[in-house]
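Visitor: Quick one, entry.csv (CSV, C-alpha atoms (C1' of nucleotides)):
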```csv
chain,number,residue,atom,x,y,z
A,1,MET,CA,82.1,135.7,125.3
A,2,SER,CA,81.7,133.5,122.2
A,3,ASP,CA,78.8,134.5,120.0
A,4,PRO,CA,76.4,131.7,119.3
A,5,LEU,CA,75.6,133.4,116.1
A,6,VAL,CA,79.0,132.7,114.6
A,7,PRO,CA,78.5,128.9,114.0
A,8,GLU,CA,75.1,129.6,112.7
A,9,LEU,CA,76.4,132.2,110.2
A,10,THR,CA,79.1,129.8,109.1
A,11,ASP,CA,76.5,127.1,108.5
A,12,LEU,CA,74.3,129.5,106.6
A,13,VAL,CA,77.1,130.7,104.3
A,14,PHE,CA,78.0,127.0,103.6
A,15,GLN,CA,74.3,126.2,102.9
A,16,ALA,CA,73.8,129.2,100.6
A,17,ALA,CA,77.1,128.4,98.7
A,18,GLY,CA,76.0,124.7,98.5
A,19,LEU,CA,72.7,125.7,96.9
A,20,LEU,CA,74.4,127.9,94.3
A,21,ARG,CA,77.0,125.3,93.6
A,22,ASN,CA,74.5,122.5,93.2
A,23,GLY,CA,72.5,124.7,90.8
A,24,PHE,CA,75.6,125.4,88.8
A,25,ASN,CA,76.8,121.8,88.7
A,26,GLU,CA,73.4,120.6,87.5
A,27,ILE,CA,73.4,123.0,84.6
A,28,ALA,CA,77.0,122.1,83.8
A,29,ALA,CA,76.0,118.4,83.9
A,30,ASP,CA,73.1,119.0,81.5
A,31,LEU,CA,75.7,120.4,79.1
A,32,GLY,CA,77.8,117.3,79.6
A,33,LEU,CA,80.4,119.2,81.5
A,34,THR,CA,82.0,118.4,84.9
A,35,ALA,CA,81.9,121.1,87.6
A,36,ALA,CA,85.6,122.0,87.0
A,37,GLN,CA,85.1,122.2,83.2
A,38,GLY,CA,82.0,124.5,83.8
A,39,LEU,CA,84.0,126.7,86.1
A,40,ALA,CA,86.9,127.0,83.6
A,41,LEU,CA,84.5,127.8,80.8
A,42,VAL,CA,82.7,130.5,82.7
A,43,HIS,CA,86.0,132.2,83.7
A,44,LEU,CA,87.1,132.4,80.1
A,45,ARG,CA,86.6,136.0,79.0
A,46,GLY,CA,87.4,135.5,75.3
A,47,ARG,CA,90.9,134.0,75.5
A,48,ALA,CA,93.3,133.4,78.4
A,49,PRO,CA,96.7,131.7,78.9
A,50,MET,CA,96.5,128.4,80.8
A,51,ARG,CA,98.6,130.1,83.5
A,52,GLU,CA,95.9,132.7,84.1
A,53,LEU,CA,93.2,130.1,84.4
A,54,ALA,CA,95.3,128.3,87.0
A,55,GLU,CA,95.5,131.5,89.0
A,56,ILE,CA,91.8,132.3,88.7
A,57,MET,CA,90.9,128.9,89.8
A,58,SER,CA,93.7,128.9,92.3
A,59,CYS,CA,95.1,125.5,91.5
A,60,ASP,CA,98.2,123.9,90.0
A,61,ALA,CA,98.8,124.6,86.3
A,62,SER,CA,99.0,120.8,85.6
A,63,ASN,CA,95.5,120.5,86.8
A,64,ILE,CA,94.3,123.0,84.1
A,65,THR,CA,95.9,120.8,81.4
A,66,GLY,CA,93.5,118.0,82.1
A,67,ILE,CA,90.4,120.3,82.4
A,68,VAL,CA,91.2,122.1,79.1
A,69,ASP,CA,91.9,118.7,77.5
A,70,GLY,CA,88.3,117.8,78.3
A,71,LEU,CA,86.9,121.1,77.0
A,72,GLU,CA,89.0,120.7,73.8
A,73,ARG,CA,87.7,117.1,73.3
A,74,ARG,CA,84.2,118.5,73.5
A,75,GLY,CA,85.1,121.1,70.9
A,76,LEU,CA,84.3,124.1,73.2
A,77,VAL,CA,87.8,125.4,73.2
A,78,THR,CA,91.1,125.4,71.2
A,79,ARG,CA,94.7,125.9,72.2
A,80,GLN,CA,96.5,128.6,70.3
A,81,THR,CA,100.2,129.2,70.8
A,82,ALA,CA,100.8,132.9,71.4
A,83,PRO,CA,102.9,134.4,68.5
A,84,THR,CA,104.7,136.9,70.9
A,85,ASP,CA,105.8,134.1,73.3
A,86,ARG,CA,105.6,130.6,72.1
A,87,ARG,CA,105.7,129.1,75.6
A,88,ILE,CA,102.2,130.5,76.2
A,89,LYS,CA,99.1,128.7,75.0
A,90,HIS,CA,95.9,130.7,74.8
A,91,VAL,CA,92.7,128.9,75.5
A,92,VAL,CA,90.2,130.3,73.0
A,93,LEU,CA,86.5,129.7,72.9
A,94,THR,CA,85.0,128.2,69.8
A,95,ASP,CA,81.5,129.2,68.7
A,96,GLU,CA,80.0,126.2,70.4
A,97,GLY,CA,82.1,127.1,73.5
A,98,LEU,CA,80.7,130.6,73.5
A,99,TYR,CA,77.2,129.1,73.2
A,100,CYS,CA,77.8,126.8,76.2
A,101,GLN,CA,79.3,129.6,78.2
A,102,ASN,CA,76.3,131.8,77.6
A,103,ARG,CA,73.9,129.1,78.6
A,104,LEU,CA,75.9,128.3,81.7
A,105,THR,CA,76.1,131.9,82.9
A,106,THR,CA,72.6,132.9,82.1
A,107,GLU,CA,71.0,129.8,83.5
A,108,ALA,CA,73.1,129.9,86.6
A,109,ASN,CA,72.3,133.6,87.0
A,110,ASN,CA,68.6,132.8,86.6
A,111,ARG,CA,68.7,130.2,89.4
A,112,ALA,CA,70.7,132.6,91.6
A,113,ALA,CA,68.2,135.4,90.9
A,114,ALA,CA,65.4,133.1,92.0
A,115,LEU,CA,67.2,132.4,95.2
A,116,PHE,CA,68.0,136.0,96.0
A,117,ALA,CA,64.7,137.4,94.8
A,118,VAL,CA,63.2,136.7,98.2
A,119,LEU,CA,65.3,139.5,99.7
A,120,GLY,CA,63.8,142.2,97.5
A,121,ALA,CA,65.6,145.5,98.0
A,122,ASP,CA,67.7,144.0,100.8
A,123,ARG,CA,69.9,142.4,98.2
A,124,ARG,CA,71.9,145.5,98.3
A,125,ARG,CA,72.2,145.1,102.1
A,126,LEU,CA,73.4,141.5,101.8
A,127,ASN,CA,75.9,142.6,99.2
A,128,ASP,CA,77.3,145.2,101.5
A,129,LEU,CA,77.6,142.8,104.4
A,130,LEU,CA,79.2,140.1,102.5
A,131,THR,CA,81.6,142.5,100.9
A,132,ALA,CA,82.7,143.6,104.3
A,133,VAL,CA,83.2,140.0,105.4
A,134,VAL,CA,85.1,139.0,102.2
A,135,HIS,CA,87.2,142.1,102.4
A,136,GLN,CA,88.1,141.3,106.0
A,137,GLY,CA,89.4,137.9,104.9
A,138,ARG,CA,92.3,139.6,103.1
B,1,MET,CA,65.5,143.3,83.7
B,2,SER,CA,68.4,141.2,85.0
B,3,ASP,CA,69.8,142.5,88.2
B,4,PRO,CA,73.6,143.1,87.9
B,5,LEU,CA,73.8,142.5,91.7
B,6,VAL,CA,73.0,138.8,91.3
B,7,PRO,CA,76.3,137.6,89.9
B,8,GLU,CA,78.1,139.8,92.4
B,9,LEU,CA,76.1,138.3,95.2
B,10,THR,CA,76.8,134.8,93.9
B,11,ASP,CA,80.5,135.5,93.8
B,12,LEU,CA,80.5,137.0,97.3
B,13,VAL,CA,78.8,133.9,98.8
B,14,PHE,CA,81.4,131.7,97.1
B,15,GLN,CA,84.2,133.8,98.3
B,16,ALA,CA,82.9,133.9,101.9
B,17,ALA,CA,82.4,130.2,101.8
B,18,GLY,CA,85.8,129.7,100.4
B,19,LEU,CA,87.4,131.7,103.2
B,20,LEU,CA,85.6,129.7,105.8
B,21,ARG,CA,86.4,126.4,104.1
B,22,ASN,CA,90.0,127.2,103.7
B,23,GLY,CA,90.2,128.1,107.4
B,24,PHE,CA,88.6,124.9,108.4
B,25,ASN,CA,90.7,122.7,106.0
B,26,GLU,CA,93.9,124.3,107.4
B,27,ILE,CA,93.0,123.5,111.0
B,28,ALA,CA,92.1,120.0,109.9
B,29,ALA,CA,95.4,119.6,108.1
B,30,ASP,CA,97.2,120.8,111.2
B,31,LEU,CA,95.6,117.9,113.1
B,32,GLY,CA,96.6,115.5,110.3
B,33,LEU,CA,93.1,115.2,109.0
B,34,THR,CA,91.7,115.5,105.5
B,35,ALA,CA,88.9,117.9,104.9
B,36,ALA,CA,86.3,115.1,104.7
B,37,GLN,CA,87.6,113.5,107.9
B,38,GLY,CA,87.4,116.8,109.7
B,39,LEU,CA,83.8,117.4,108.5
B,40,ALA,CA,82.8,113.9,109.7
B,41,LEU,CA,84.5,114.4,113.0
B,42,VAL,CA,82.7,117.7,113.6
B,43,HIS,CA,79.3,116.3,112.7
B,44,LEU,CA,79.7,113.5,115.3
B,45,ARG,CA,77.6,114.5,118.2
B,46,GLY,CA,78.7,111.7,120.6
B,47,ARG,CA,77.8,108.7,118.5
B,48,ALA,CA,76.1,108.1,115.2
B,49,PRO,CA,75.4,105.3,112.8
B,50,MET,CA,77.3,105.4,109.6
B,51,ARG,CA,74.0,105.8,107.8
B,52,GLU,CA,73.3,109.0,109.6
B,53,LEU,CA,76.7,110.4,108.8
B,54,ALA,CA,76.1,109.7,105.1
B,55,GLU,CA,72.9,111.6,105.2
B,56,ILE,CA,74.4,114.6,107.1
B,57,MET,CA,77.2,114.8,104.6
B,58,SER,CA,74.8,114.0,101.8
B,59,CYS,CA,76.9,111.3,100.1
B,60,ASP,CA,76.9,107.6,99.5
B,61,ALA,CA,77.2,105.3,102.5
B,62,SER,CA,80.2,103.6,100.9
B,63,ASN,CA,82.1,106.9,101.0
B,64,ILE,CA,81.7,107.1,104.7
B,65,THR,CA,83.3,103.7,105.1
B,66,GLY,CA,86.6,105.0,103.8
B,67,ILE,CA,86.5,108.2,105.8
B,68,VAL,CA,85.7,106.5,109.0
B,69,ASP,CA,88.5,104.0,108.2
B,70,GLY,CA,90.9,106.9,108.3
B,71,LEU,CA,89.5,108.3,111.5
B,72,GLU,CA,89.7,104.8,113.1
B,73,ARG,CA,93.3,104.4,111.9
B,74,ARG,CA,94.1,107.6,113.7
B,75,GLY,CA,92.4,106.4,116.8
B,76,LEU,CA,89.9,109.2,116.9
B,77,VAL,CA,86.9,106.9,116.5
B,78,THR,CA,85.8,103.3,117.0
B,79,ARG,CA,83.1,101.3,115.4
B,80,GLN,CA,80.6,99.7,117.8
B,81,THR,CA,78.0,97.3,116.6
B,82,ALA,CA,74.6,98.3,118.0
B,83,PRO,CA,73.2,95.7,120.4
B,84,THR,CA,69.6,96.3,119.3
B,85,ASP,CA,70.4,96.0,115.6
B,86,ARG,CA,73.6,94.3,114.7
B,87,ARG,CA,73.6,95.6,111.1
B,88,ILE,CA,74.2,99.1,112.5
B,89,LYS,CA,77.6,100.3,113.5
B,90,HIS,CA,77.9,103.3,115.6
B,91,VAL,CA,80.8,105.6,115.1
B,92,VAL,CA,81.9,106.6,118.6
B,93,LEU,CA,84.4,109.3,119.5
B,94,THR,CA,87.5,108.2,121.6
B,95,ASP,CA,89.0,110.6,124.1
B,96,GLU,CA,91.5,111.7,121.5
B,97,GLY,CA,88.7,112.1,119.0
B,98,LEU,CA,86.8,114.3,121.4
B,99,TYR,CA,89.9,116.4,121.9
B,100,CYS,CA,90.4,116.8,118.1
B,101,GLN,CA,86.7,117.6,117.7
B,102,ASN,CA,86.9,120.3,120.3
B,103,ARG,CA,90.1,121.8,118.8
B,104,LEU,CA,88.5,121.7,115.3
B,105,THR,CA,85.3,123.3,116.3
B,106,THR,CA,86.7,126.0,118.6
B,107,GLU,CA,89.5,127.0,116.3
B,108,ALA,CA,87.2,127.1,113.3
B,109,ASN,CA,84.8,129.1,115.3
B,110,ASN,CA,87.5,131.5,116.3
B,111,ARG,CA,88.5,132.1,112.7
B,112,ALA,CA,84.9,132.5,111.6
B,113,ALA,CA,84.3,135.0,114.5
B,114,ALA,CA,87.3,137.0,113.4
B,115,LEU,CA,85.8,137.2,109.9
B,116,PHE,CA,82.3,138.1,111.0
B,117,ALA,CA,83.5,140.5,113.8
B,118,VAL,CA,83.8,143.3,111.2
B,119,LEU,CA,80.0,143.4,111.0
B,120,GLY,CA,79.4,144.2,114.6
B,121,ALA,CA,75.7,144.1,115.5
B,122,ASP,CA,74.9,143.6,111.8
B,123,ARG,CA,75.7,139.9,112.2
B,124,ARG,CA,72.1,139.5,113.2
B,125,ARG,CA,71.1,141.2,110.0
B,126,LEU,CA,73.3,139.0,107.9
B,127,ASN,CA,71.9,136.0,109.7
B,128,ASP,CA,68.4,137.0,108.8
B,129,LEU,CA,69.1,137.6,105.2
B,130,LEU,CA,71.0,134.4,104.7
B,131,THR,CA,68.3,132.5,106.5
B,132,ALA,CA,65.7,133.8,104.1
B,133,VAL,CA,67.9,132.8,101.1
B,134,VAL,CA,68.6,129.3,102.4
B,135,HIS,CA,64.9,128.9,103.3
B,136,GLN,CA,64.0,129.9,99.7
B,137,GLY,CA,66.2,127.2,98.4
B,138,ARG,CA,64.0,124.5,99.8
C,1,DG,C1',60.8,80.2,108.0
C,2,DT,C1',61.2,82.4,103.9
C,3,DA,C1',61.1,87.0,101.2
C,4,DG,C1',62.2,91.5,101.1
C,5,DA,C1',64.2,95.5,103.1
C,6,DT,C1',68.2,97.6,105.5
C,7,DA,C1',73.3,98.6,107.0
C,8,DC,C1',77.6,98.3,105.9
C,9,DT,C1',81.7,96.8,103.1
C,10,DT,C1',84.2,95.9,98.9
C,11,DG,C1',86.0,96.8,94.4
C,12,DA,C1',86.0,99.1,90.0
C,13,DG,C1',86.3,103.4,88.1
C,14,DC,C1',86.3,108.4,87.5
C,15,DA,C1',87.3,113.5,88.4
C,16,DA,C1',90.1,116.7,90.7
C,17,DC,C1',94.0,117.8,92.7
C,18,DT,C1',99.3,118.1,94.0
C,19,DC,C1',104.0,117.3,93.3
C,20,DA,C1',108.3,116.3,90.9
C,21,DA,C1',110.5,116.0,86.6
C,22,DC,C1',110.8,117.4,81.9
C,23,DA,C1',110.8,120.0,77.2
C,24,DA,C1',110.5,124.2,75.0
C,25,DT,C1',111.1,128.9,75.0
C,26,DC,C1',112.3,133.4,76.5
C,27,DG,C1',115.4,137.2,78.5
C,28,DA,C1',119.5,139.1,80.4
C,29,DG,C1',124.5,139.4,81.3
C,30,DG,C1',128.9,138.5,79.7
D,1,DC,C1',126.3,135.2,70.1
D,2,DC,C1',125.4,132.2,73.8
D,3,DT,C1',124.9,130.4,78.0
D,4,DC,C1',122.3,130.6,82.5
D,5,DG,C1',118.2,131.1,84.9
D,6,DA,C1',113.4,131.7,84.9
D,7,DT,C1',108.8,130.7,82.9
D,8,DT,C1',105.0,127.9,80.4
D,9,DG,C1',102.9,124.0,79.8
D,10,DT,C1',102.8,118.8,79.8
D,11,DT,C1',103.4,114.2,81.7
D,12,DG,C1',103.3,110.6,85.2
D,13,DA,C1',102.7,109.0,89.8
D,14,DG,C1',100.0,109.1,93.7
D,15,DT,C1',96.1,110.6,96.9
D,16,DT,C1',91.4,111.9,98.0
D,17,DG,C1',86.6,112.0,97.4
D,18,DC,C1',83.1,110.3,95.3
D,19,DT,C1',79.6,107.0,92.8
D,20,DC,C1',77.7,102.7,91.4
D,21,DA,C1',77.1,97.7,91.5
D,22,DA,C1',77.5,93.6,93.9
D,23,DG,C1',78.0,91.1,98.1
D,24,DT,C1',77.4,89.9,103.2
D,25,DA,C1',75.0,90.1,107.4
D,26,DT,C1',71.1,91.1,109.7
D,27,DC,C1',66.4,92.5,110.7
D,28,DT,C1',61.2,92.5,109.9
D,29,DA,C1',56.9,90.9,108.3
D,30,DC,C1',54.0,87.7,106.6
```
Take the structure I supplied and represent it as structure tokens, if you would.

Guide:
Amino acid sequence: MSDPLVPELTDLVFQAAGLLRNGFNEIAADLGLTAAQGLALVHLRGRAPMRELAEIMSCDASNITGIVDGLERRGLVTRQTAPTDRRIKHVVLTDEGLYCQNRLTTEANNRAAALFAVLGADRRRLNDLLTAVVHQGR
Amino acid sequence: MSDPLVPELTDLVFQAAGLLRNGFNEIAADLGLTAAQGLALVHLRGRAPMRELAEIMSCDASNITGIVDGLERRGLVTRQTAPTDRRIKHVVLTDEGLYCQNRLTTEANNRAAALFAVLGADRRRLNDLLTAVVHQGR
DNA sequence: GTAGATACTTGAGCAACTCAACAATCGAGG
DNA sequence: CCTCGATTGTTGAGTTGCTCAAGTATCTAC
């Protein structure tokens, strides 16, 4: 009764994710960023409190401190205390940070596009199928 | 000219992989294993030289030493020097190791099956699409 | 039998992560 | 006003996973 397709599917998802992740990490490394720093940078839409970053990356807040420290040392980001609530520190992209973010997202997107191009119009189909799976997982 | 579907697809693949990985890690943790130990255990088909494990998990051989140390401490695995080439140490499952491996694979498979069940007969379709993508990546 | 390759281990070092404890700040009830 | 409890971020300790360089033991080929 167990479907032999399931382990295969699991493996394929891991492999596809691995390809995408390796691509992303390579680009990040080219920019002198660790994988976690790259991820944090990409997830910054303009500005965001540390807390929000922690939730997005689903990790402890104390972890974000170190990652943002690195981004700040590289001059890609600054911390700005929110005037309305001085507990909160907004992580704000600098000009160079914005440039890095753009390169990271567009180059990662290019690589991903090259990977998915083989599907042609079936990309829509893959999108639907994966959406169903991910939606099931919650 | 850039397809807005590509970032979405990338995100979906990461999310699906994340769901599967979290499931696996949880089961491994229940068995008192770290994620890497669980992975190594699952990839052991009977016996394998350390070297082979390193290739399968695509990491440095020295990393495997530590992981297998942990598995050996837990009594799931023993090191056996190969008689034909005494440099090589085979990692061999103990009875308890075999039991853990079975629980890990079957429970992970059950979780994955629950996730993919929503697709019905389209699982085959997803399999084909992902195969094409992964194949493109090499 | 010696030279070079191969398999594993060890130790140093780093990144990422968690947890517990802490300081600063906010908000609400008395 | 002002104290109590909650919230934000930081720090420090400790673990895991990983890499690299160096070392040991063993094999292979000349």

Visitor: Give the residues of chain B that lie within 10 Å of chain C; count only C-alpha atoms (C1' of nucleotides), and format the answer as a PyMOL selection string.

Guide: chain B and resi 49-51+61-62+64-66+85-89

Visitor: Please check the contacts: residues of chain D at most 9 Å away from chain B, using all atoms listed in the file, listed as a ChimeraX atom specification.

Guide: /D:16-19,25-27

Visitor: Grab the residues selected above and save them as a tab-separated table (two decimals), keeping the file's coordinate frame with C-alpha atoms (C1' of nucleotides).

Guide:
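So part36.tsv came out as:
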```tsv
chain	number	residue	atom	x	y	z
D	16	DT	C1'	91.40	111.90	98.00
D	17	DG	C1'	86.60	112.00	97.40
D	18	DC	C1'	83.10	110.30	95.30
D	19	DT	C1'	79.60	107.00	92.80
D	25	DA	C1'	75.00	90.10	107.40
D	26	DT	C1'	71.10	91.10	109.70
D	27	DC	C1'	66.40	92.50	110.70
```

Visitor: Let's have chain B fitted on chain A; use all the C-alpha atoms paired in order for the least-squares step and return it as a CSV table (one decimal) with C-alpha atoms, keeping the file's coordinate frame.

Guide:
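Listed below is the output, part_38.csv:
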```
chain,number,residue,atom,x,y,z
B,1,MET,CA,82.0,135.6,125.3
B,2,SER,CA,81.6,133.4,122.3
B,3,ASP,CA,78.8,134.5,120.1
B,4,PRO,CA,76.3,131.7,119.4
B,5,LEU,CA,75.5,133.4,116.1
B,6,VAL,CA,78.9,132.6,114.6
B,7,PRO,CA,78.5,128.9,114.0
B,8,GLU,CA,75.0,129.6,112.7
B,9,LEU,CA,76.3,132.2,110.3
B,10,THR,CA,79.1,129.8,109.2
B,11,ASP,CA,76.5,127.1,108.5
B,12,LEU,CA,74.3,129.5,106.6
B,13,VAL,CA,77.1,130.7,104.3
B,14,PHE,CA,77.9,127.0,103.5
B,15,GLN,CA,74.4,126.2,102.9
B,16,ALA,CA,73.9,129.2,100.5
B,17,ALA,CA,77.0,128.3,98.8
B,18,GLY,CA,76.0,124.8,98.5
B,19,LEU,CA,72.7,125.7,96.9
B,20,LEU,CA,74.4,127.9,94.4
B,21,ARG,CA,77.0,125.3,93.6
B,22,ASN,CA,74.5,122.6,93.2
B,23,GLY,CA,72.6,124.7,90.8
B,24,PHE,CA,75.6,125.5,88.8
B,25,ASN,CA,76.9,121.8,88.7
B,26,GLU,CA,73.5,120.6,87.5
B,27,ILE,CA,73.4,123.1,84.6
B,28,ALA,CA,77.0,122.0,83.8
B,29,ALA,CA,76.0,118.4,83.9
B,30,ASP,CA,73.1,119.1,81.6
B,31,LEU,CA,75.7,120.4,79.1
B,32,GLY,CA,77.8,117.3,79.6
B,33,LEU,CA,80.4,119.2,81.6
B,34,THR,CA,82.1,118.4,84.9
B,35,ALA,CA,82.0,121.0,87.5
B,36,ALA,CA,85.6,122.0,87.0
B,37,GLN,CA,85.1,122.3,83.2
B,38,GLY,CA,82.1,124.5,83.7
B,39,LEU,CA,84.0,126.8,86.1
B,40,ALA,CA,86.9,127.1,83.6
B,41,LEU,CA,84.5,127.7,80.8
B,42,VAL,CA,82.8,130.5,82.7
B,43,HIS,CA,86.0,132.2,83.7
B,44,LEU,CA,87.1,132.4,80.1
B,45,ARG,CA,86.6,135.9,79.0
B,46,GLY,CA,87.4,135.5,75.3
B,47,ARG,CA,90.9,134.1,75.6
B,48,ALA,CA,93.3,133.4,78.3
B,49,PRO,CA,96.6,131.7,78.9
B,50,MET,CA,96.5,128.5,80.8
B,51,ARG,CA,98.6,130.2,83.5
B,52,GLU,CA,95.9,132.7,84.1
B,53,LEU,CA,93.2,130.1,84.4
B,54,ALA,CA,95.3,128.3,87.0
B,55,GLU,CA,95.5,131.5,89.0
B,56,ILE,CA,91.8,132.3,88.7
B,57,MET,CA,90.9,128.9,89.8
B,58,SER,CA,93.7,128.9,92.3
B,59,CYS,CA,95.2,125.5,91.5
B,60,ASP,CA,98.2,124.0,89.9
B,61,ALA,CA,98.9,124.6,86.3
B,62,SER,CA,99.1,120.9,85.6
B,63,ASN,CA,95.4,120.6,86.7
B,64,ILE,CA,94.3,123.0,84.1
B,65,THR,CA,95.9,120.8,81.4
B,66,GLY,CA,93.5,118.0,82.1
B,67,ILE,CA,90.5,120.2,82.3
B,68,VAL,CA,91.2,122.1,79.2
B,69,ASP,CA,91.9,118.6,77.5
B,70,GLY,CA,88.3,117.8,78.3
B,71,LEU,CA,86.9,121.1,77.0
B,72,GLU,CA,89.0,120.7,73.8
B,73,ARG,CA,87.7,117.1,73.3
B,74,ARG,CA,84.2,118.5,73.4
B,75,GLY,CA,85.1,121.2,70.9
B,76,LEU,CA,84.3,124.0,73.2
B,77,VAL,CA,87.9,125.4,73.2
B,78,THR,CA,91.1,125.3,71.2
B,79,ARG,CA,94.6,125.9,72.2
B,80,GLN,CA,96.5,128.6,70.3
B,81,THR,CA,100.2,129.2,70.7
B,82,ALA,CA,100.8,132.9,71.3
B,83,PRO,CA,102.8,134.4,68.5
B,84,THR,CA,104.7,136.8,70.8
B,85,ASP,CA,105.7,134.0,73.2
B,86,ARG,CA,105.5,130.5,72.0
B,87,ARG,CA,105.6,129.0,75.5
B,88,ILE,CA,102.2,130.4,76.1
B,89,LYS,CA,99.0,128.7,74.9
B,90,HIS,CA,95.9,130.6,74.8
B,91,VAL,CA,92.7,128.9,75.5
B,92,VAL,CA,90.2,130.3,73.0
B,93,LEU,CA,86.4,129.7,73.0
B,94,THR,CA,84.9,128.1,69.8
B,95,ASP,CA,81.4,129.2,68.7
B,96,GLU,CA,80.0,126.2,70.5
B,97,GLY,CA,82.1,127.1,73.5
B,98,LEU,CA,80.7,130.6,73.5
B,99,TYR,CA,77.2,129.1,73.3
B,100,CYS,CA,77.8,126.8,76.3
B,101,GLN,CA,79.3,129.7,78.2
B,102,ASN,CA,76.3,131.8,77.6
B,103,ARG,CA,73.9,129.0,78.6
B,104,LEU,CA,75.9,128.3,81.7
B,105,THR,CA,76.2,131.8,82.8
B,106,THR,CA,72.6,132.9,82.1
B,107,GLU,CA,71.0,129.8,83.5
B,108,ALA,CA,73.1,130.0,86.6
B,109,ASN,CA,72.3,133.6,87.0
B,110,ASN,CA,68.6,132.8,86.6
B,111,ARG,CA,68.7,130.3,89.4
B,112,ALA,CA,70.8,132.5,91.6
B,113,ALA,CA,68.3,135.4,91.0
B,114,ALA,CA,65.4,133.2,91.9
B,115,LEU,CA,67.2,132.4,95.2
B,116,PHE,CA,68.1,136.0,96.0
B,117,ALA,CA,64.7,137.4,94.8
B,118,VAL,CA,63.2,136.7,98.2
B,119,LEU,CA,65.3,139.5,99.6
B,120,GLY,CA,63.8,142.2,97.5
B,121,ALA,CA,65.7,145.5,97.9
B,122,ASP,CA,67.7,144.0,100.8
B,123,ARG,CA,70.0,142.4,98.2
B,124,ARG,CA,71.9,145.5,98.3
B,125,ARG,CA,72.2,145.1,102.1
B,126,LEU,CA,73.3,141.5,101.8
B,127,ASN,CA,75.9,142.6,99.2
B,128,ASP,CA,77.3,145.2,101.6
B,129,LEU,CA,77.6,142.8,104.5
B,130,LEU,CA,79.2,140.1,102.5
B,131,THR,CA,81.6,142.5,100.9
B,132,ALA,CA,82.7,143.6,104.3
B,133,VAL,CA,83.3,140.0,105.4
B,134,VAL,CA,85.2,139.0,102.2
B,135,HIS,CA,87.2,142.2,102.5
B,136,GLN,CA,88.1,141.2,106.1
B,137,GLY,CA,89.4,138.0,105.0
B,138,ARG,CA,92.2,139.5,103.1
```

Visitor: What are the closest atom pairs, with distances in Å to one decimal, for all residues of chain B lying within 8 Å of chain A? Consider only C-alpha atoms, order rows by chain and residue number, and present the result as a Markdown table.

Guide:
```
| residue | atom | partner | partner_atom | distance |
| --- | --- | --- | --- | --- |
| B:Asp3 | CA | A:Ala113 | CA | 7.8 |
| B:Leu5 | CA | A:Arg124 | CA | 7.5 |
| B:Val6 | CA | A:Ala113 | CA | 5.9 |
| B:Pro7 | CA | A:Asn109 | CA | 6.4 |
| B:Glu8 | CA | A:Asn127 | CA | 7.7 |
| B:Leu9 | CA | A:Asn127 | CA | 5.9 |
| B:Thr10 | CA | A:Ala112 | CA | 6.9 |
| B:Leu12 | CA | A:Leu130 | CA | 6.2 |
| B:Val13 | CA | A:Ala17 | CA | 5.8 |
| B:Phe14 | CA | A:Ala17 | CA | 5.7 |
| B:Gln15 | CA | A:Val134 | CA | 6.6 |
| B:Ala16 | CA | A:Val134 | CA | 5.6 |
| B:Ala17 | CA | A:Phe14 | CA | 5.7 |
| B:Leu19 | CA | A:Gly137 | CA | 6.7 |
| B:Leu20 | CA | A:Thr10 | CA | 7.3 |
| B:Asn109 | CA | A:Pro7 | CA | 6.4 |
| B:Ala112 | CA | A:Val6 | CA | 6.6 |
| B:Ala113 | CA | A:Val6 | CA | 5.8 |
| B:Leu115 | CA | A:Val133 | CA | 5.9 |
| B:Phe116 | CA | A:Val133 | CA | 6.0 |
| B:Val118 | CA | A:Val133 | CA | 6.7 |
| B:Leu119 | CA | A:Leu129 | CA | 7.0 |
| B:Asp122 | CA | A:Leu129 | CA | 7.9 |
| B:Arg123 | CA | A:Leu5 | CA | 7.6 |
| B:Arg124 | CA | A:Leu5 | CA | 7.6 |
| B:Leu126 | CA | A:Leu126 | CA | 6.6 |
| B:Asn127 | CA | A:Leu9 | CA | 5.9 |
| B:Leu129 | CA | A:Leu126 | CA | 6.7 |
| B:Leu130 | CA | A:Leu12 | CA | 6.2 |
| B:Thr131 | CA | A:Leu12 | CA | 6.7 |
| B:Ala132 | CA | A:Val118 | CA | 7.0 |
| B:Val133 | CA | A:Leu115 | CA | 6.0 |
| B:Val134 | CA | A:Ala16 | CA | 5.5 |
| B:Gln136 | CA | A:Leu115 | CA | 6.1 |
| B:Gly137 | CA | A:Leu115 | CA | 6.2 |
```

Visitor: What separation in Å, quoted to one decimal, exists between CA of Glu107 (chain A) and CA of Thr78 (chain A)?

Guide: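 Atom-to-atom, CA of Glu107 (chain A) to CA of Thr78 (chain A), that is 24.0 Å.
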
Visitor: Mind giving me the straight-line distance from CA of Gly75 (chain B) to CA of Gly32 (chain B) in Å, one decimal?

Guide: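 CA of Gly32 (chain B) lies at a distance of 11.9 Å from CA of Gly75 (chain B).
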